[in-house]
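Source file: target_5.cif; contents: mmCIF, C-alpha atoms and all ligand atoms.
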data_my_file
#
loop_
_atom_site.label_atom_id
_atom_site.label_comp_id
_atom_site.auth_asym_id
_atom_site.auth_seq_id
_atom_site.Cartn_x
_atom_site.Cartn_y
_atom_site.Cartn_z
CA MET A 932 13.82 42.61 -3.30
CA LEU A 933 12.20 40.00 -1.09
CA LYS A 934 13.21 36.45 -1.83
CA VAL A 935 10.33 33.92 -1.77
CA LYS A 936 10.61 30.16 -1.62
CA ILE A 937 7.81 27.59 -1.61
CA ALA A 938 8.31 24.37 0.37
CA SER A 939 9.22 21.43 -1.86
CA TYR A 940 5.91 19.76 -0.94
CA ALA A 941 3.01 22.14 -0.36
CA GLY A 942 -0.70 22.29 -1.09
CA PHE A 943 -2.70 19.56 -2.81
CA CYS A 944 -1.42 16.02 -2.47
CA PHE A 945 -1.63 13.65 -5.43
CA GLY A 946 -5.05 12.25 -4.43
CA VAL A 947 -6.72 15.63 -3.84
CA GLU A 948 -5.28 17.10 -7.02
CA ARG A 949 -6.53 14.12 -9.01
CA ALA A 950 -10.03 14.39 -7.46
CA MET A 951 -10.23 18.14 -8.07
CA ASN A 952 -9.20 17.71 -11.72
CA MET A 953 -11.75 14.95 -12.24
CA ALA A 954 -14.46 17.12 -10.67
CA TRP A 955 -13.52 20.13 -12.79
CA LYS A 956 -13.73 18.08 -15.98
CA GLU A 957 -17.19 16.85 -14.92
CA VAL A 958 -18.63 20.31 -14.21
CA GLU A 959 -17.20 21.65 -17.45
CA GLU A 960 -18.71 18.90 -19.56
CA ASN A 961 -22.01 18.16 -17.80
CA SER A 962 -24.91 19.72 -15.95
CA ASP A 963 -26.51 17.94 -12.98
CA VAL A 964 -23.24 17.11 -11.26
CA TYR A 965 -23.22 16.53 -7.51
CA SER A 966 -20.50 15.84 -5.00
CA LEU A 967 -21.22 13.62 -2.04
CA GLY A 968 -19.91 15.89 0.72
CA PRO A 969 -17.72 18.96 0.04
CA LEU A 970 -14.86 18.09 -2.33
CA ILE A 971 -12.31 19.57 0.06
CA HIS A 972 -12.27 21.72 3.17
CA ASN A 973 -11.43 24.96 1.46
CA LYS A 974 -14.33 27.35 1.10
CA GLN A 975 -12.78 29.40 -1.73
CA ALA A 976 -12.19 26.29 -3.83
CA VAL A 977 -15.63 24.84 -3.07
CA LYS A 978 -17.23 28.14 -4.12
CA LYS A 979 -15.35 28.10 -7.43
CA TYR A 980 -16.85 24.67 -8.22
CA GLU A 981 -20.31 25.67 -7.01
CA ASP A 982 -20.22 28.71 -9.28
CA LYS A 983 -19.56 26.30 -12.13
CA GLY A 984 -22.71 24.35 -11.20
CA LEU A 985 -21.55 21.65 -8.78
CA LYS A 986 -24.07 20.88 -6.07
CA VAL A 987 -22.90 19.47 -2.74
CA ILE A 988 -25.19 16.83 -1.25
CA ASN A 989 -25.02 14.75 1.89
CA SER A 990 -26.90 11.68 0.68
CA LEU A 991 -27.74 10.12 -2.68
CA ASP A 992 -31.43 10.83 -1.94
CA GLU A 993 -30.70 14.45 -2.75
CA ALA A 994 -29.43 13.62 -6.26
CA GLU A 995 -31.72 13.37 -9.28
CA ASN A 996 -31.99 9.91 -10.87
CA LYS A 997 -29.56 9.46 -13.76
CA SER A 998 -27.38 12.35 -12.55
CA ARG A 999 -23.63 12.19 -11.93
CA VAL A 1000 -22.24 12.04 -8.42
CA ILE A 1001 -18.58 12.58 -7.59
CA ILE A 1002 -17.05 10.51 -4.80
CA ARG A 1003 -14.32 12.65 -3.21
CA SER A 1004 -10.79 11.47 -2.45
CA HIS A 1005 -11.75 10.13 1.04
CA GLY A 1006 -13.85 7.40 -0.59
CA VAL A 1007 -17.12 5.85 0.60
CA GLY A 1008 -18.46 2.46 1.68
CA LEU A 1009 -19.69 -0.30 -0.63
CA LYS A 1010 -23.39 0.50 0.01
CA ILE A 1011 -23.12 3.87 -1.73
CA TYR A 1012 -22.05 2.15 -4.97
CA GLU A 1013 -24.97 -0.28 -4.66
CA GLU A 1014 -27.44 2.50 -3.92
CA ALA A 1015 -26.18 4.51 -6.90
CA LYS A 1016 -26.64 1.52 -9.19
CA GLU A 1017 -30.25 1.06 -8.01
CA LYS A 1018 -30.99 4.72 -8.63
CA GLY A 1019 -29.30 4.82 -12.02
CA ILE A 1020 -26.80 7.39 -10.76
CA LYS A 1021 -23.44 7.50 -12.51
CA ILE A 1022 -20.61 7.51 -10.02
CA ILE A 1023 -17.51 9.56 -10.83
CA ASP A 1024 -15.08 7.83 -8.55
CA ALA A 1025 -12.37 10.22 -7.36
CA THR A 1026 -11.41 8.03 -4.38
CA CYS A 1027 -7.66 8.38 -3.92
CA PRO A 1028 -6.00 5.17 -5.21
CA PHE A 1029 -4.19 4.85 -1.85
CA VAL A 1030 -7.53 4.86 -0.04
CA LYS A 1031 -8.99 2.44 -2.60
CA LYS A 1032 -6.13 0.07 -1.78
CA ILE A 1033 -7.14 0.08 1.91
CA GLN A 1034 -10.77 -0.58 1.00
CA ASP A 1035 -9.66 -3.56 -1.13
CA ILE A 1036 -7.56 -5.01 1.71
CA VAL A 1037 -10.44 -4.63 4.17
CA TYR A 1038 -12.96 -6.17 1.77
CA LYS A 1039 -10.71 -9.16 1.03
CA TYR A 1040 -9.84 -9.93 4.66
CA TYR A 1041 -13.39 -9.36 5.89
CA ASN A 1042 -14.60 -11.95 3.39
CA GLU A 1043 -11.95 -14.34 4.71
CA GLU A 1044 -13.42 -13.90 8.20
CA TYR A 1045 -10.74 -11.70 9.67
CA LYS A 1046 -11.76 -9.12 12.26
CA ILE A 1047 -10.83 -5.73 10.83
CA ILE A 1048 -9.08 -3.15 12.99
CA ILE A 1049 -8.73 0.39 11.63
CA VAL A 1050 -6.18 2.63 13.33
CA GLY A 1051 -7.67 6.07 12.85
CA ASP A 1052 -10.35 8.56 13.80
CA TYR A 1053 -13.83 7.01 13.80
CA SER A 1054 -15.49 10.28 12.78
CA HIS A 1055 -13.25 10.90 9.75
CA PRO A 1056 -15.01 10.33 6.39
CA GLU A 1057 -12.14 8.17 5.12
CA VAL A 1058 -12.46 5.81 8.10
CA ILE A 1059 -16.26 5.74 7.82
CA GLY A 1060 -15.83 4.81 4.14
CA ILE A 1061 -13.26 2.06 4.85
CA ASN A 1062 -15.52 0.60 7.54
CA GLY A 1063 -18.21 0.40 4.88
CA TRP A 1064 -16.17 -2.35 3.15
CA CYS A 1065 -16.52 -4.69 6.12
CA ASN A 1066 -20.20 -4.14 6.82
CA ASN A 1067 -19.35 -1.42 9.38
CA GLU A 1068 -18.02 -4.09 11.72
CA ALA A 1069 -14.44 -2.86 12.15
CA VAL A 1070 -13.02 -1.95 15.53
CA ILE A 1071 -11.65 1.58 15.27
CA VAL A 1072 -8.77 2.55 17.52
CA LYS A 1073 -7.36 6.03 17.76
CA ASN A 1074 -4.99 5.61 20.71
CA ILE A 1075 -3.52 3.04 23.08
CA GLU A 1076 -6.47 3.34 25.50
CA ASP A 1077 -8.88 2.23 22.74
CA LEU A 1078 -7.11 -1.14 22.60
CA ASP A 1079 -9.20 -2.23 25.59
CA ASN A 1080 -12.18 -2.35 23.21
CA ILE A 1081 -10.69 -5.04 20.97
CA PRO A 1082 -12.78 -8.20 21.20
CA ARG A 1083 -10.53 -11.22 21.82
CA ASN A 1084 -12.85 -13.91 20.52
CA TYR A 1085 -11.72 -13.81 16.89
CA LYS A 1086 -9.22 -16.23 15.40
CA LYS A 1087 -7.58 -13.75 13.04
CA TYR A 1088 -7.27 -10.00 12.70
CA CYS A 1089 -6.28 -7.58 9.98
CA VAL A 1090 -5.02 -4.08 10.83
CA VAL A 1091 -5.01 -1.09 8.47
CA ALA A 1092 -4.40 2.61 9.12
CA GLN A 1093 -6.13 5.83 8.10
CA THR A 1094 -3.85 7.41 5.47
CA THR A 1095 -3.19 10.53 7.57
CA MET A 1096 -2.53 8.69 10.84
CA ASN A 1097 0.48 9.83 12.86
CA LEU A 1098 3.22 7.23 12.32
CA ASN A 1099 4.47 7.24 15.94
CA VAL A 1100 0.99 6.57 17.30
CA TYR A 1101 0.44 3.84 14.70
CA GLU A 1102 3.71 2.14 15.64
CA LYS A 1103 2.90 2.22 19.36
CA ILE A 1104 -0.54 0.73 18.71
CA THR A 1105 0.71 -2.02 16.41
CA GLU A 1106 3.53 -2.94 18.79
CA LYS A 1107 0.95 -3.54 21.50
CA LEU A 1108 -1.43 -5.38 19.17
CA GLU A 1109 1.34 -7.72 18.14
CA LYS A 1110 1.70 -8.78 21.77
CA MET A 1111 -2.05 -8.96 22.40
CA LEU A 1112 -3.19 -10.98 19.38
CA GLU A 1113 -1.97 -14.29 18.05
CA CYS A 1114 -2.86 -14.20 14.38
CA VAL A 1115 -2.68 -10.70 12.97
CA GLU A 1116 -1.83 -9.17 9.59
CA PHE A 1117 -0.62 -5.56 9.57
CA TYR A 1118 -0.88 -3.16 6.66
CA ASN A 1119 0.78 0.17 7.27
CA THR A 1120 -1.36 2.17 4.86
CA ILE A 1121 -0.25 5.62 6.06
CA CYS A 1122 0.32 7.89 3.08
CA SER A 1123 3.63 9.72 2.90
CA ALA A 1124 2.07 12.97 1.59
CA THR A 1125 1.37 14.40 5.05
CA ARG A 1126 4.81 13.50 6.34
CA GLU A 1127 6.54 14.95 3.27
CA ARG A 1128 4.66 18.25 3.70
CA GLN A 1129 5.59 18.48 7.36
CA LYS A 1130 9.23 17.63 6.72
CA ALA A 1131 9.51 20.17 3.88
CA ALA A 1132 7.87 22.89 6.04
CA LYS A 1133 10.29 22.17 8.88
CA GLU A 1134 13.33 22.37 6.60
CA LEU A 1135 12.21 25.58 4.92
CA SER A 1136 11.30 27.28 8.21
CA ARG A 1137 14.93 26.82 9.28
CA GLU A 1138 16.17 28.64 6.17
CA VAL A 1139 13.93 31.72 6.00
CA ASP A 1140 13.19 34.86 8.12
CA VAL A 1141 9.43 34.38 8.17
CA MET A 1142 6.95 31.68 7.12
CA ILE A 1143 3.48 32.04 5.61
CA VAL A 1144 1.24 29.00 5.96
CA ILE A 1145 -1.79 29.07 3.65
CA GLY A 1146 -4.82 26.94 4.49
CA GLY A 1147 -8.23 26.76 6.12
CA LYS A 1148 -8.42 28.06 9.70
CA HIS A 1149 -10.10 24.80 10.71
CA SER A 1150 -7.89 22.49 8.67
CA SER A 1151 -6.00 20.26 11.08
CA ASN A 1152 -3.11 19.51 8.71
CA THR A 1153 -2.66 23.27 8.15
CA GLN A 1154 -2.60 23.92 11.89
CA LYS A 1155 0.05 21.25 12.24
CA LEU A 1156 2.19 23.03 9.61
CA VAL A 1157 1.75 26.31 11.52
CA GLN A 1158 2.89 24.64 14.73
CA ILE A 1159 5.95 23.06 13.08
CA CYS A 1160 7.04 26.32 11.42
CA SER A 1161 6.47 28.51 14.46
CA GLU A 1162 8.90 26.37 16.42
CA ASN A 1163 11.64 27.79 14.16
CA VAL A 1164 10.55 31.21 12.94
CA ILE A 1165 7.78 33.84 13.03
CA THR A 1166 4.84 32.29 11.19
CA TYR A 1167 1.62 33.75 9.79
CA HIS A 1168 -1.39 31.55 9.08
CA ILE A 1169 -3.63 32.89 6.32
CA GLU A 1170 -6.51 31.51 4.26
CA THR A 1171 -6.01 33.80 1.27
CA ILE A 1172 -3.95 36.84 0.33
CA ASP A 1173 -6.68 39.05 1.91
CA ASP A 1174 -5.59 37.91 5.38
CA LEU A 1175 -1.97 38.94 4.87
CA ASP A 1176 -0.70 42.33 6.02
CA LEU A 1177 2.02 42.77 3.40
CA ASN A 1178 3.56 45.70 5.30
CA LYS A 1179 4.63 43.30 8.02
CA LEU A 1180 6.84 41.47 5.54
CA LYS A 1181 8.83 44.50 4.43
CA LYS A 1182 11.37 44.11 7.20
CA TYR A 1183 12.32 40.59 6.08
CA SER A 1184 14.50 39.51 3.20
CA PHE A 1185 13.58 35.82 2.83
CA VAL A 1186 9.98 34.54 3.01
CA GLY A 1187 9.04 30.87 3.08
CA ILE A 1188 5.64 29.59 1.98
CA THR A 1189 3.83 26.35 2.57
CA ALA A 1190 0.20 25.30 2.31
CA GLY A 1191 -2.18 22.70 3.72
CA ALA A 1192 -3.35 19.73 1.68
CA SER A 1193 -6.64 21.45 0.73
CA THR A 1194 -5.10 24.65 -0.58
CA PRO A 1195 -5.40 25.03 -4.36
CA LYS A 1196 -2.44 26.17 -6.44
CA TRP A 1197 -4.13 29.42 -7.54
CA ILE A 1198 -4.46 30.58 -3.92
CA ILE A 1199 -0.75 29.86 -3.34
CA GLU A 1200 0.21 31.65 -6.58
CA GLU A 1201 -1.80 34.74 -5.61
CA VAL A 1202 0.12 34.99 -2.34
CA VAL A 1203 3.50 34.44 -4.00
CA SER A 1204 2.96 37.05 -6.70
CA SER A 1205 1.72 39.66 -4.18
CA ILE A 1206 4.79 39.16 -2.03
CA GLU A 1207 7.12 39.24 -5.01
CA LYS A 1208 5.72 42.66 -5.98
CA LEU A 1209 6.85 44.15 -2.67
FE1 LIG A 1301 -4.35 10.19 -1.16
FE2 LIG A 1301 -2.40 10.50 0.51
FE3 LIG A 1301 -3.64 12.56 -0.41
S1 LIG A 1301 -3.99 9.01 0.63
S2 LIG A 1301 -5.69 11.88 -0.80
S3 LIG A 1301 -2.41 11.13 -1.59
S4 LIG A 1301 -2.92 12.31 1.67
#
Hey, can you dump this file as structure tokens for me?
Amino acid sequence: MLKVKIASYAGFCFGVERAMNMAWKEVEENSDVYSLGPLIHNKQAVKKYEDKGLKVINSLDEAENKSRVIIRSHGVGLKIYEEAKEKGIKIIDATCPFVKKIQDIVYKYYNEEYKIIIVGDYSHPEVIGINGWCNNEAVIVKNIEDLDNIPRNYKKYCVVAQTTMNLNVYEKITEKLEKMLECVEFYNTICSATRERQKAAKELSREVDVMIVIGGKHSSNTQKLVQICSENVITYHIETIDDLDLNKLKKYSFVGITAGASTPKWIIEEVVSSIEKL
């Protein structure tokens, strides 16, 4: 019989799991529930919630007055809360507490006249949300080259990081900033969930004969897991059990499984039980 092992950290992180549970409770108990942007980048999971009545919107204008709007784990800027209050919309705040902490730091330092620097990707919803706590005035740097854009006419600076930022890149950037700026406060707000998942995938891929990585084809954290695993062993990237040719696994005796941060448990369980039946 094939032996199957799941990486010690795989699938939803704490913040996504919390947000998905909050959203599920909402759609079970209420009608007229919206989510501002898709809850996660997993089309099977999004469909499950939509079938239950959740409507995905891109702006609060699309929500009925007095309805309920879920803020996903990435969080949003201050203006969204103000707008919701004006419209009588009830916010169900599923912002990950680690992201909330960054927003609080940014808000505090911005109000103390620090220039905010966010190390991250300017187009990522989490970064857009964080920037919304300093009136969208942060300087956003993704790499060393972007440091040329830092204005030097501020007395004090405060640096935070997108939770999924690569630690090596963050360290290189902050090392340089420390030399460039006189008064600067650093907050390494990188969340360990991504690192833990990558480390666990690496370790497991060294133990097994073949790895299955479950996650969206366009999910960047899933692609990263595929890359890490394929450095050690033959690796298949699938979105659901339907993508897996089970016959290919028959020649192996030990299968490892990991999953991207937006992959729900039920999709992982489906894959595991199908393989175990072989
Ligand atoms: Fe939160 Fe970290 Fe996940 S910031 S949403 S627990 S990756």
Taking a cut-off of 7 Å and counting all atoms listed in the file, can you build a table that, for each residue of chain A near ligand LIG 1301 (chain A), reports the nearest atom pair and how far apart they are in Å (one decimal), sorted by chain then residue number, as a tab-separated table?
residue	atom	partner	partner_atom	distance
A:Cys944	CA	A:LIG1301	FE3	4.6
A:Phe945	CA	A:LIG1301	S3	4.7
A:Gly946	CA	A:LIG1301	S2	3.7
A:Val947	CA	A:LIG1301	S2	4.9
A:Ser1004	CA	A:LIG1301	S2	5.4
A:His1005	CA	A:LIG1301	S2	6.6
A:Cys1027	CA	A:LIG1301	FE1	4.7
A:Pro1028	CA	A:LIG1301	FE1	6.7
A:Phe1029	CA	A:LIG1301	S1	4.8
A:Val1030	CA	A:LIG1301	S1	5.5
A:Thr1094	CA	A:LIG1301	S1	5.1
A:Thr1095	CA	A:LIG1301	S4	6.2
A:Cys1122	CA	A:LIG1301	FE2	4.6
A:Ser1123	CA	A:LIG1301	FE2	6.5
A:Ala1124	CA	A:LIG1301	S4	5.0
A:Thr1125	CA	A:LIG1301	S4	5.8
Open item on the list: Considering all atoms listed in the file, can you say which of A:Ala941, A:Val977, A:Met1096, A:Leu970 comes closest to Ala1025 (chain A)?
Closed with: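 Of the candidates, the smallest distance to Ala1025 (chain A) is held by A:Leu970.
Among the candidate residues A:Lys974, A:Lys934, A:Lys1133, A:Lys1208, the one lying nearest to Thr1166 (chain A) is A:Lys1133, with distances computed using all atoms listed in the file.
Interatomic distance, CA of Tyr1053 (chain A) against CA of Ala1069 (chain A): 10.0 Å.
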Open item on the list: Taking all atoms listed in the file into account, name the residue in A:Arg1003, A:Arg1137, A:Lys986, A:Arg1128 that is nearest to Thr1189 (chain A).
Closed with: A:Arg1128
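Proximity ranking of A:Asp982, A:Asp1140, A:Glu1057, A:Asp1052 relative to Ile1071 (chain A) places A:Asp1052 first, based on only C-alpha atoms.
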Task: Exercise: region 1143-1160 of chain A partners within 6 Å, all atoms listed in the file, chain neighbours under 2 positions left out, as an MDAnalysis selection string - done: chainID A and resid 973 1133 1136 1162:1163 1166:1170 1188:1191 1194
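Taking CA of Gly1019 (chain A) and CA of Gly1060 (chain A) as the two end points, the separation is 21.0 Å.
Restricting the calculation to only C-alpha atoms, the smallest distance between Ile1061 (chain A) and any of A:Leu1098, A:Lys1010, A:Leu1135, A:Lys1021 is found for A:Lys1010.
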Open item on the list: Let me make sure I understand: among A:Leu991, A:Val1090, A:Ala1192, A:Ile1023, which one has the smallest atom-to-atom distance to Asn952 (chain A) if we use only C-alpha atoms?
Closed with: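 Result for the nearest residue to Asn952 (chain A): A:Ile1023.
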Which residues, written as a PDB file with C-alpha atoms, in the coordinates of the input, have at least one atom at most 12 Å from Glu1014 (chain A), with only C-alpha atoms counted and residues fewer than 6 positions away on the same chain left out?
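Saved the output as result-v2.pdb:
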ATOM      1  CA  SER A 990     -26.900  11.680   0.680  1.00  0.00           C
ATOM      2  CA  LEU A 991     -27.740  10.120  -2.680  1.00  0.00           C
ATOM      3  CA  ASP A 992     -31.430  10.830  -1.940  1.00  0.00           C
ATOM      4  CA  ALA A 994     -29.430  13.620  -6.260  1.00  0.00           C
ATOM      5  CA  ASN A 996     -31.990   9.910 -10.870  1.00  0.00           C
ATOM      6  CA  VAL A1000     -22.240  12.040  -8.420  1.00  0.00           C
ATOM      7  CA  VAL A1007     -17.120   5.850   0.600  1.00  0.00           C
ATOM      8  CA  GLY A1008     -18.460   2.460   1.680  1.00  0.00           C
ATOM      9  CA  ILE A1020     -26.800   7.390 -10.760  1.00  0.00           C
ATOM     10  CA  LYS A1021     -23.440   7.500 -12.510  1.00  0.00           C
ATOM     11  CA  ILE A1022     -20.610   7.510 -10.020  1.00  0.00           C
TER      12      ILE A1022
END
Task: Sel. within 10 Å of pt (-3.6, 4.2, 25.6), counting all atoms listed in the file, output as JSON, numbers by chain - done: {"A": [1072, 1073, 1074, 1075, 1076, 1077, 1078, 1079, 1100, 1103, 1104, 1107]}
Got time to write the residues from that selection, C-alpha atoms, as a PDB file, in the frame of the given file?
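Generated output (selection-v7.pdb):
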ATOM      1  CA  VAL A1072      -8.770   2.550  17.520  1.00  0.00           C
ATOM      2  CA  LYS A1073      -7.360   6.030  17.760  1.00  0.00           C
ATOM      3  CA  ASN A1074      -4.990   5.610  20.710  1.00  0.00           C
ATOM      4  CA  ILE A1075      -3.520   3.040  23.080  1.00  0.00           C
ATOM      5  CA  GLU A1076      -6.470   3.340  25.500  1.00  0.00           C
ATOM      6  CA  ASP A1077      -8.880   2.230  22.740  1.00  0.00           C
ATOM      7  CA  LEU A1078      -7.110  -1.140  22.600  1.00  0.00           C
ATOM      8  CA  ASP A1079      -9.200  -2.230  25.590  1.00  0.00           C
ATOM      9  CA  VAL A1100       0.990   6.570  17.300  1.00  0.00           C
ATOM     10  CA  LYS A1103       2.900   2.220  19.360  1.00  0.00           C
ATOM     11  CA  ILE A1104      -0.540   0.730  18.710  1.00  0.00           C
ATOM     12  CA  LYS A1107       0.950  -3.540  21.500  1.00  0.00           C
TER      13      LYS A1107
END
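By all atoms listed in the file, and with residues fewer than 3 positions from Asp963 (chain A) along its chain excluded, the set lying at most 8 Å from it is Gly984, Leu985, Lys986, Glu995, Ser998 and Arg999 of chain A.
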Open item on the list: Using only C-alpha atoms - which residues lie no farther than 12 Å from the point (-5.1, 40.3, 1.4) in the file's frame? Write them as a list in words.
Closed with: Ile1145, Ile1169, Glu1170, Thr1171, Ile1172, Asp1173, Asp1174, Leu1175, Asp1176, Leu1177, Asn1178, Ile1198, Glu1201, Val1202, Val1203, Ser1204, Ser1205 and Ile1206 of chain A
Atoms to include: C-alpha atoms. Write the selected residues as an mmCIF file, in the frame of the given file.
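Resulting contents of again25.cif:
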data_model
loop_
_atom_site.group_PDB
_atom_site.id
_atom_site.type_symbol
_atom_site.label_atom_id
_atom_site.label_comp_id
_atom_site.auth_asym_id
_atom_site.auth_seq_id
_atom_site.Cartn_x
_atom_site.Cartn_y
_atom_site.Cartn_z
ATOM 1 C CA ILE A 1145 -1.790 29.070 3.650
ATOM 2 C CA ILE A 1169 -3.630 32.890 6.320
ATOM 3 C CA GLU A 1170 -6.510 31.510 4.260
ATOM 4 C CA THR A 1171 -6.010 33.800 1.270
ATOM 5 C CA ILE A 1172 -3.950 36.840 0.330
ATOM 6 C CA ASP A 1173 -6.680 39.050 1.910
ATOM 7 C CA ASP A 1174 -5.590 37.910 5.380
ATOM 8 C CA LEU A 1175 -1.970 38.940 4.870
ATOM 9 C CA ASP A 1176 -0.700 42.330 6.020
ATOM 10 C CA LEU A 1177 2.020 42.770 3.400
ATOM 11 C CA ASN A 1178 3.560 45.700 5.300
ATOM 12 C CA ILE A 1198 -4.460 30.580 -3.920
ATOM 13 C CA GLU A 1201 -1.800 34.740 -5.610
ATOM 14 C CA VAL A 1202 0.120 34.990 -2.340
ATOM 15 C CA VAL A 1203 3.500 34.440 -4.000
ATOM 16 C CA SER A 1204 2.960 37.050 -6.700
ATOM 17 C CA SER A 1205 1.720 39.660 -4.180
ATOM 18 C CA ILE A 1206 4.790 39.160 -2.030
#
TODO: Would you list the contacts of Tyr940 (chain A) as number ranges by chain, taking every protein, DNA or RNA residue within 7 Å and counting only C-alpha atoms, but skipping same-chain residues closer than 2 positions in sequence?
DONE: A: 938, 1127-1128, 1131
